[in-house]
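In what follows, a structure is listed as structure tokens, so that the remarks can point back to it.
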Amino acid sequence: MIALAAALLLQAAEPAADAQRLVDRGAPGAVVMLLDQGDPVIAVAGVRAAGEEAAIELTDLWHLGSNTKAMTAVLVARLVEQGVVEWDDTVAEWLGDRVETIRPDYADATFADLMHHRSGIIANPGPLTSLQLMGTDASRDVMADRLRYAAAVLDHDPGAAPGEFLYSNAGYTVAGTMLEAATGESWEALLQREVFTPLGIAHAGFGPPGSTDVIDQPRGHSSGLFGGLNAVPPGARADNPPAMGPAGRVHMSMPDYALWLDAVMAGARGEGDPDFLSPESWQILLTPPEGGNYAMGWGVTDEGAVLRHAGSNTMWFVQAVLWPEADRAAVAGVNDGRLDRVAPHVGEVVLGYAPE
């Protein structure tokens with residue numbers, strides 16, 4: 001019994017030391033979570049905003065960036081099981097009468113193609129489109145914006161040939177637009193009802209977390225003119241356009257992110273709740289196309305033994321690595337968007353929790 005207690009204390013100390021190490025290396029604030037056999041150990045260090053005193057707290061919200069993509073994929077799977085859409089539904093089927101031009105290269109792209117990043121669609125729209133769609137979730141008609149975004153990228157030259165891998169935020173945004181065409185509901189409302197609520201995720205939302213007038217949540221940081229860091233308060237400048245939600249705008253507390261990761265790992269082992277998703281759906285979600293190493297929202301290595309992904313909106317960085325058979329996951333995040341500086345340290349932290 002004493003040995004077990006000592007082991008648990010040691011396990012808890014490791015995330016705390018790693019979170020502090022990330023702050024010591026320059027991030028304003030950091031979080032590290034070890035999820036082992038369903039039990040999360042979460043540690044935080046640093047401050048919510050550079051130059052301020054408000055400390056990071058254990059239940060604070062973290063912008064997950066492109067880690068959102070796996071959630072969009074699960075949303076599609078849920079709607080496939082309900083008969084609302086099919087995996088092989090195409091862009092032209094759902095958007096052909098909603099956008100003016102769909103280039104022939106994209107017309108037959110399916111949900112699976114889009115989420116495997118094999119549709120050929122460019123990675124992101126041009127800067128003019130992004131600028132026109134900037135704003136906050138409250139200030140924009142997000143479904144209208146998403147359709148406008150889809151129209152812009154579907155009328156753009158391909159970034160790759162159909163079937164070739166090209167990581168594309170635009171592809172996931174188009175998939176979300178297709179879901180909206182199929183249901184008449186926003187991607188945000190669908191994700192809340194079909195994914196967050198069934199999994200018991202209670203502290204999640206979209207865009208930059210927190211308030212503009214008080215520092216009640218961590219703020220993302222961008223590089224200053226002279227190499228420093230600027231805390232960016234919630235608002236239009238603090239995130240990508242709301243239209244890009246399906247590609248990367250979810251924020252969530254770490255205890256809630258643990259619920260999500262636990263569901264993914266159980267699904268990968270074939271042990272997930274069948275009322276949420278069938279084993280067959282999880283297999284589709286987590287199996288890359290032949291010859292590839294990217295499934296739907298997850299990089300897959302070691303013949304499926306490891307799932308990994310990272311996300312950033314250029315002001316935050318969060319990385320997750322999962323070892324489903326060991327029922328272990330590690331997450332590390334910082335409210336710092338200097339990827340060349342923070343990404344190697346975050347990666348070192350999460351990979352340090354690999355099972356022996």
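Residue numbering restarts at 1 for every chain of the structure tokens, chains are lettered A, B, ... in their displayed order, and ligands are numbered from 1 as they appear.
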Any idea what's packed within 7 Å of Thr110 of chain A, counting only C-alpha atoms, ignoring anything in its chain fewer than 4 positions away? Could you give it as a compact mmCIF listing (two decimals) with N, CA and C atoms, in the first residue's frame?
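New file selection_34.txt:
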```
# COMPACT_ATOMS: atom_id res chain seq x y z
N TRP A 87 -20.70 8.26 -45.49
CA TRP A 87 -19.27 8.55 -45.64
C TRP A 87 -18.91 8.95 -47.08
N ASP A 88 -19.59 8.35 -48.05
CA ASP A 88 -19.24 8.63 -49.45
C ASP A 88 -20.09 9.73 -50.07
N ASP A 89 -20.86 10.48 -49.25
CA ASP A 89 -21.54 11.67 -49.76
C ASP A 89 -20.49 12.65 -50.28
N THR A 90 -20.81 13.33 -51.37
CA THR A 90 -19.82 14.20 -52.00
C THR A 90 -20.11 15.68 -51.78
N VAL A 91 -19.08 16.47 -52.05
CA VAL A 91 -19.20 17.93 -51.99
C VAL A 91 -20.33 18.40 -52.90
N LEU A 114 -12.20 14.41 -47.44
CA LEU A 114 -11.95 15.68 -46.78
C LEU A 114 -11.24 15.48 -45.44
```
Excluding same-chain residues fewer than 6 positions from segment 20-22 of chain A, what lies within 9 Å of it counting only C-alpha atoms, as a compact mmCIF listing (two decimals) with N, CA and C atoms, in the first residue's frame?
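Everything below was put into selection-v1.txt:
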```
# COMPACT_ATOMS: atom_id res chain seq x y z
N PRO A 28 4.27 31.83 -21.11
CA PRO A 28 3.62 32.50 -19.97
C PRO A 28 2.97 31.49 -19.02
N GLY A 29 2.22 30.55 -19.60
CA GLY A 29 1.54 29.54 -18.80
C GLY A 29 1.57 28.20 -19.47
N ALA A 30 1.38 27.14 -18.70
CA ALA A 30 1.45 25.79 -19.26
C ALA A 30 0.54 24.85 -18.49
N VAL A 31 0.12 23.79 -19.19
CA VAL A 31 -0.63 22.71 -18.57
C VAL A 31 -0.05 21.39 -19.06
N ALA A 43 -1.49 19.22 -14.06
CA ALA A 43 -0.65 20.21 -13.39
C ALA A 43 -0.56 21.45 -14.26
N VAL A 44 -0.48 22.61 -13.62
CA VAL A 44 -0.37 23.87 -14.34
C VAL A 44 0.75 24.70 -13.72
N ALA A 45 1.22 25.67 -14.49
CA ALA A 45 2.24 26.59 -14.01
C ALA A 45 2.11 27.90 -14.78
N GLY A 46 2.62 28.96 -14.20
CA GLY A 46 2.66 30.23 -14.91
C GLY A 46 1.38 31.04 -14.78
N GLY A 333 0.32 21.74 -23.08
CA GLY A 333 -0.10 22.93 -23.81
C GLY A 333 0.47 24.19 -23.19
N VAL A 334 0.61 25.21 -24.03
CA VAL A 334 1.08 26.53 -23.59
C VAL A 334 0.22 27.60 -24.26
N VAL A 342 8.28 26.80 -28.93
CA VAL A 342 7.57 26.00 -27.93
C VAL A 342 7.30 24.57 -28.36
N HIS A 345 9.70 21.70 -27.19
CA HIS A 345 9.63 21.43 -25.76
C HIS A 345 8.34 20.71 -25.38
N VAL A 346 7.22 21.13 -25.98
CA VAL A 346 5.95 20.46 -25.72
C VAL A 346 6.00 19.02 -26.19
N VAL A 349 7.89 16.83 -23.82
CA VAL A 349 7.14 16.51 -22.62
C VAL A 349 6.16 15.36 -22.85
```
Could you give me, as a PDB file with N, CA and C atoms, in the first residue's frame, the residues within 12 Å of Asp302 of chain A, counting only C-alpha atoms and dropping anything in the same chain fewer than 5 positions from it?
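Result file is result38.pdb:
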```pdb
ATOM      1  N   ASN A 293      -0.512   7.703 -43.137  1.00  0.00           N
ATOM      2  CA  ASN A 293      -0.366   7.674 -41.679  1.00  0.00           C
ATOM      3  C   ASN A 293      -1.218   8.737 -40.991  1.00  0.00           C
ATOM      4  N   LEU A 307      -1.566   7.306 -31.363  1.00  0.00           N
ATOM      5  CA  LEU A 307      -2.324   8.370 -32.021  1.00  0.00           C
ATOM      6  C   LEU A 307      -1.786   9.695 -31.504  1.00  0.00           C
ATOM      7  N   ARG A 308      -1.623  10.651 -32.420  1.00  0.00           N
ATOM      8  CA  ARG A 308      -1.087  11.933 -31.972  1.00  0.00           C
ATOM      9  C   ARG A 308      -1.611  13.060 -32.842  1.00  0.00           C
ATOM     10  N   LEU A 322      -1.601   9.581 -27.650  1.00  0.00           N
ATOM     11  CA  LEU A 322      -2.387   8.510 -27.039  1.00  0.00           C
ATOM     12  C   LEU A 322      -1.741   7.163 -27.320  1.00  0.00           C
ATOM     13  N   TRP A 323      -1.712   6.316 -26.286  1.00  0.00           N
ATOM     14  CA  TRP A 323      -1.290   4.921 -26.418  1.00  0.00           C
ATOM     15  C   TRP A 323      -2.488   4.074 -25.978  1.00  0.00           C
ATOM     16  N   PRO A 324      -3.447   3.827 -26.872  1.00  0.00           N
ATOM     17  CA  PRO A 324      -4.725   3.240 -26.456  1.00  0.00           C
ATOM     18  C   PRO A 324      -4.609   1.893 -25.758  1.00  0.00           C
TER      19      PRO A 324
END
```
Excluding segment 122-129 of chain A and residues on its chain fewer than 4 positions from it, collect all residues at most 12 Å away from it, counting only C-alpha atoms, and give them as an mmCIF file with N, CA and C atoms, in the first residue's frame.
```
data_model
loop_
_atom_site.group_PDB
_atom_site.id
_atom_site.type_symbol
_atom_site.label_atom_id
_atom_site.label_comp_id
_atom_site.auth_asym_id
_atom_site.auth_seq_id
_atom_site.Cartn_x
_atom_site.Cartn_y
_atom_site.Cartn_z
ATOM 1 N N ASP A 105 -12.401 19.176 -59.874
ATOM 2 C CA ASP A 105 -11.442 18.456 -59.024
ATOM 3 C C ASP A 105 -12.051 18.087 -57.678
ATOM 4 N N TYR A 106 -13.000 18.898 -57.212
ATOM 5 C CA TYR A 106 -13.547 18.711 -55.871
ATOM 6 C C TYR A 106 -14.947 18.110 -55.846
ATOM 7 N N LEU A 114 -12.199 14.408 -47.440
ATOM 8 C CA LEU A 114 -11.952 15.684 -46.778
ATOM 9 C C LEU A 114 -11.242 15.480 -45.443
ATOM 10 N N HIS A 117 -7.634 14.455 -45.526
ATOM 11 C CA HIS A 117 -6.816 15.473 -46.209
ATOM 12 C C HIS A 117 -6.387 14.995 -47.594
ATOM 13 N N ARG A 118 -7.305 14.391 -48.315
ATOM 14 C CA ARG A 118 -6.989 13.867 -49.649
ATOM 15 C C ARG A 118 -7.973 14.365 -50.714
ATOM 16 N N LEU A 133 -13.953 37.580 -43.336
ATOM 17 C CA LEU A 133 -14.734 36.746 -42.415
ATOM 18 C C LEU A 133 -14.305 36.894 -40.962
ATOM 19 N N MET A 134 -13.334 37.767 -40.692
ATOM 20 C CA MET A 134 -12.872 37.957 -39.323
ATOM 21 C C MET A 134 -13.993 38.515 -38.451
ATOM 22 N N ASP A 145 -21.243 32.566 -43.125
ATOM 23 C CA ASP A 145 -19.801 32.725 -43.329
ATOM 24 C C ASP A 145 -19.162 31.425 -43.807
ATOM 25 N N ARG A 146 -19.599 30.316 -43.218
ATOM 26 C CA ARG A 146 -18.996 29.025 -43.575
ATOM 27 C C ARG A 146 -19.302 28.689 -45.034
ATOM 28 N N LEU A 147 -20.504 29.000 -45.486
ATOM 29 C CA LEU A 147 -20.860 28.766 -46.879
ATOM 30 C C LEU A 147 -20.023 29.660 -47.796
ATOM 31 N N ARG A 148 -19.813 30.888 -47.376
ATOM 32 C CA ARG A 148 -18.985 31.809 -48.152
ATOM 33 C C ARG A 148 -17.538 31.318 -48.215
ATOM 34 N N TYR A 149 -17.043 30.833 -47.103
ATOM 35 C CA TYR A 149 -15.693 30.250 -47.044
ATOM 36 C C TYR A 149 -15.596 29.068 -47.992
ATOM 37 N N ALA A 150 -16.573 28.161 -47.930
ATOM 38 C CA ALA A 150 -16.560 26.980 -48.797
ATOM 39 C C ALA A 150 -16.585 27.390 -50.264
ATOM 40 N N ALA A 151 -17.391 28.385 -50.590
ATOM 41 C CA ALA A 151 -17.468 28.838 -51.977
ATOM 42 C C ALA A 151 -16.117 29.340 -52.462
ATOM 43 N N ALA A 152 -15.383 30.033 -51.589
ATOM 44 C CA ALA A 152 -14.081 30.581 -51.980
ATOM 45 C C ALA A 152 -13.074 29.474 -52.253
ATOM 46 N N VAL A 153 -13.003 28.469 -51.393
ATOM 47 C CA VAL A 153 -11.976 27.441 -51.589
ATOM 48 C C VAL A 153 -12.363 26.452 -52.687
ATOM 49 N N LEU A 154 -13.663 26.237 -52.886
ATOM 50 C CA LEU A 154 -14.097 25.296 -53.923
ATOM 51 C C LEU A 154 -13.969 25.886 -55.325
ATOM 52 N N ASP A 155 -13.771 27.197 -55.408
ATOM 53 C CA ASP A 155 -13.540 27.852 -56.694
ATOM 54 C C ASP A 155 -12.074 28.242 -56.863
ATOM 55 N N HIS A 156 -11.214 27.631 -56.069
ATOM 56 C CA HIS A 156 -9.787 27.938 -56.107
ATOM 57 C C HIS A 156 -9.030 26.779 -56.747
ATOM 58 N N ASP A 157 -7.895 27.094 -57.370
ATOM 59 C CA ASP A 157 -7.055 26.038 -57.932
ATOM 60 C C ASP A 157 -6.727 25.008 -56.869
ATOM 61 N N PRO A 158 -6.653 23.715 -57.227
ATOM 62 C CA PRO A 158 -6.297 22.686 -56.252
ATOM 63 C C PRO A 158 -4.899 22.901 -55.683
ATOM 64 N N GLY A 159 -4.731 22.478 -54.454
ATOM 65 C CA GLY A 159 -3.399 22.485 -53.856
ATOM 66 C C GLY A 159 -2.668 21.186 -54.082
ATOM 67 N N ALA A 160 -3.408 20.141 -54.447
ATOM 68 C CA ALA A 160 -2.829 18.821 -54.718
ATOM 69 C C ALA A 160 -3.824 18.062 -55.579
ATOM 70 N N ALA A 161 -3.341 16.995 -56.178
ATOM 71 C CA ALA A 161 -4.226 16.140 -56.962
ATOM 72 C C ALA A 161 -5.151 15.366 -56.022
ATOM 73 N N PRO A 162 -6.383 15.083 -56.450
ATOM 74 C CA PRO A 162 -7.267 14.259 -55.624
ATOM 75 C C PRO A 162 -6.587 12.947 -55.248
ATOM 76 N N GLU A 164 -4.039 12.705 -53.175
ATOM 77 C CA GLU A 164 -2.764 13.026 -52.550
ATOM 78 C C GLU A 164 -3.001 13.703 -51.203
ATOM 79 N N PHE A 165 -2.087 13.478 -50.263
ATOM 80 C CA PHE A 165 -2.230 14.081 -48.933
ATOM 81 C C PHE A 165 -1.805 15.543 -48.974
ATOM 82 N N LEU A 166 -2.680 16.419 -48.504
ATOM 83 C CA LEU A 166 -2.364 17.825 -48.285
ATOM 84 C C LEU A 166 -3.165 18.273 -47.079
ATOM 85 N N TYR A 167 -2.470 18.547 -45.980
ATOM 86 C CA TYR A 167 -3.148 18.952 -44.749
ATOM 87 C C TYR A 167 -3.943 20.219 -45.012
ATOM 88 N N SER A 168 -5.245 20.168 -44.752
ATOM 89 C CA SER A 168 -6.120 21.249 -45.198
ATOM 90 C C SER A 168 -7.149 21.629 -44.139
ATOM 91 N N ASN A 169 -6.977 22.811 -43.560
ATOM 92 C CA ASN A 169 -8.034 23.369 -42.714
ATOM 93 C C ASN A 169 -9.301 23.591 -43.523
ATOM 94 N N ALA A 170 -9.116 23.983 -44.771
ATOM 95 C CA ALA A 170 -10.263 24.256 -45.638
ATOM 96 C C ALA A 170 -11.106 23.004 -45.857
ATOM 97 N N GLY A 171 -10.464 21.855 -45.991
ATOM 98 C CA GLY A 171 -11.208 20.620 -46.202
ATOM 99 C C GLY A 171 -12.138 20.305 -45.051
ATOM 100 N N TYR A 172 -11.661 20.477 -43.820
ATOM 101 C CA TYR A 172 -12.513 20.221 -42.660
ATOM 102 C C TYR A 172 -13.633 21.251 -42.555
ATOM 103 N N THR A 173 -13.331 22.488 -42.943
ATOM 104 C CA THR A 173 -14.374 23.509 -42.928
ATOM 105 C C THR A 173 -15.453 23.195 -43.955
ATOM 106 N N VAL A 174 -15.063 22.709 -45.124
ATOM 107 C CA VAL A 174 -16.040 22.298 -46.131
ATOM 108 C C VAL A 174 -16.887 21.138 -45.600
ATOM 109 N N ASN A 240 -8.705 32.543 -35.421
ATOM 110 C CA ASN A 240 -9.089 32.469 -36.822
ATOM 111 C C ASN A 240 -10.569 32.823 -36.964
ATOM 112 N N PRO A 241 -11.032 33.096 -38.188
ATOM 113 C CA PRO A 241 -12.447 33.439 -38.372
ATOM 114 C C PRO A 241 -13.371 32.348 -37.833
ATOM 115 N N ALA A 243 -15.825 30.993 -39.056
ATOM 116 C CA ALA A 243 -16.162 30.003 -40.084
ATOM 117 C C ALA A 243 -15.279 28.776 -40.007
ATOM 118 N N MET A 244 -14.063 28.923 -39.500
ATOM 119 C CA MET A 244 -13.102 27.816 -39.476
ATOM 120 C C MET A 244 -13.297 26.867 -38.297
ATOM 121 N N ALA A 247 -12.338 23.117 -38.290
ATOM 122 C CA ALA A 247 -10.916 22.829 -38.456
ATOM 123 C C ALA A 247 -10.102 23.121 -37.212
#
```
Write down as a ChimeraX atom specification the residues belonging to segment 60-259 of chain A that are assigned helix (DSSP H, G or I) by DSSP computed on the backbone.
-> /A:65-81,91-95,104-107,111-115,127-132,142-154,169-183,187-199,236-238,242-248,254-259
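Proximity of A:Asp213, A:Asp137, A:Glu194, A:Asp336 to Ala27 of chain A, computed with only C-alpha atoms, is greatest for A:Asp336.
Each of A:Val85, A:Val23, A:Ala343, A:Met143 was compared to Ala189 of chain A using only C-alpha atoms, and A:Met143 turns out to be the nearest.
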So which one's closest to Leu79 of chain A, A:Thr183, A:Thr101, A:Ser211, A:Asn313? Using only C-alpha atoms, please.
->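 That would be A:Thr183, the residue with the smallest distance to Leu79 of chain A.
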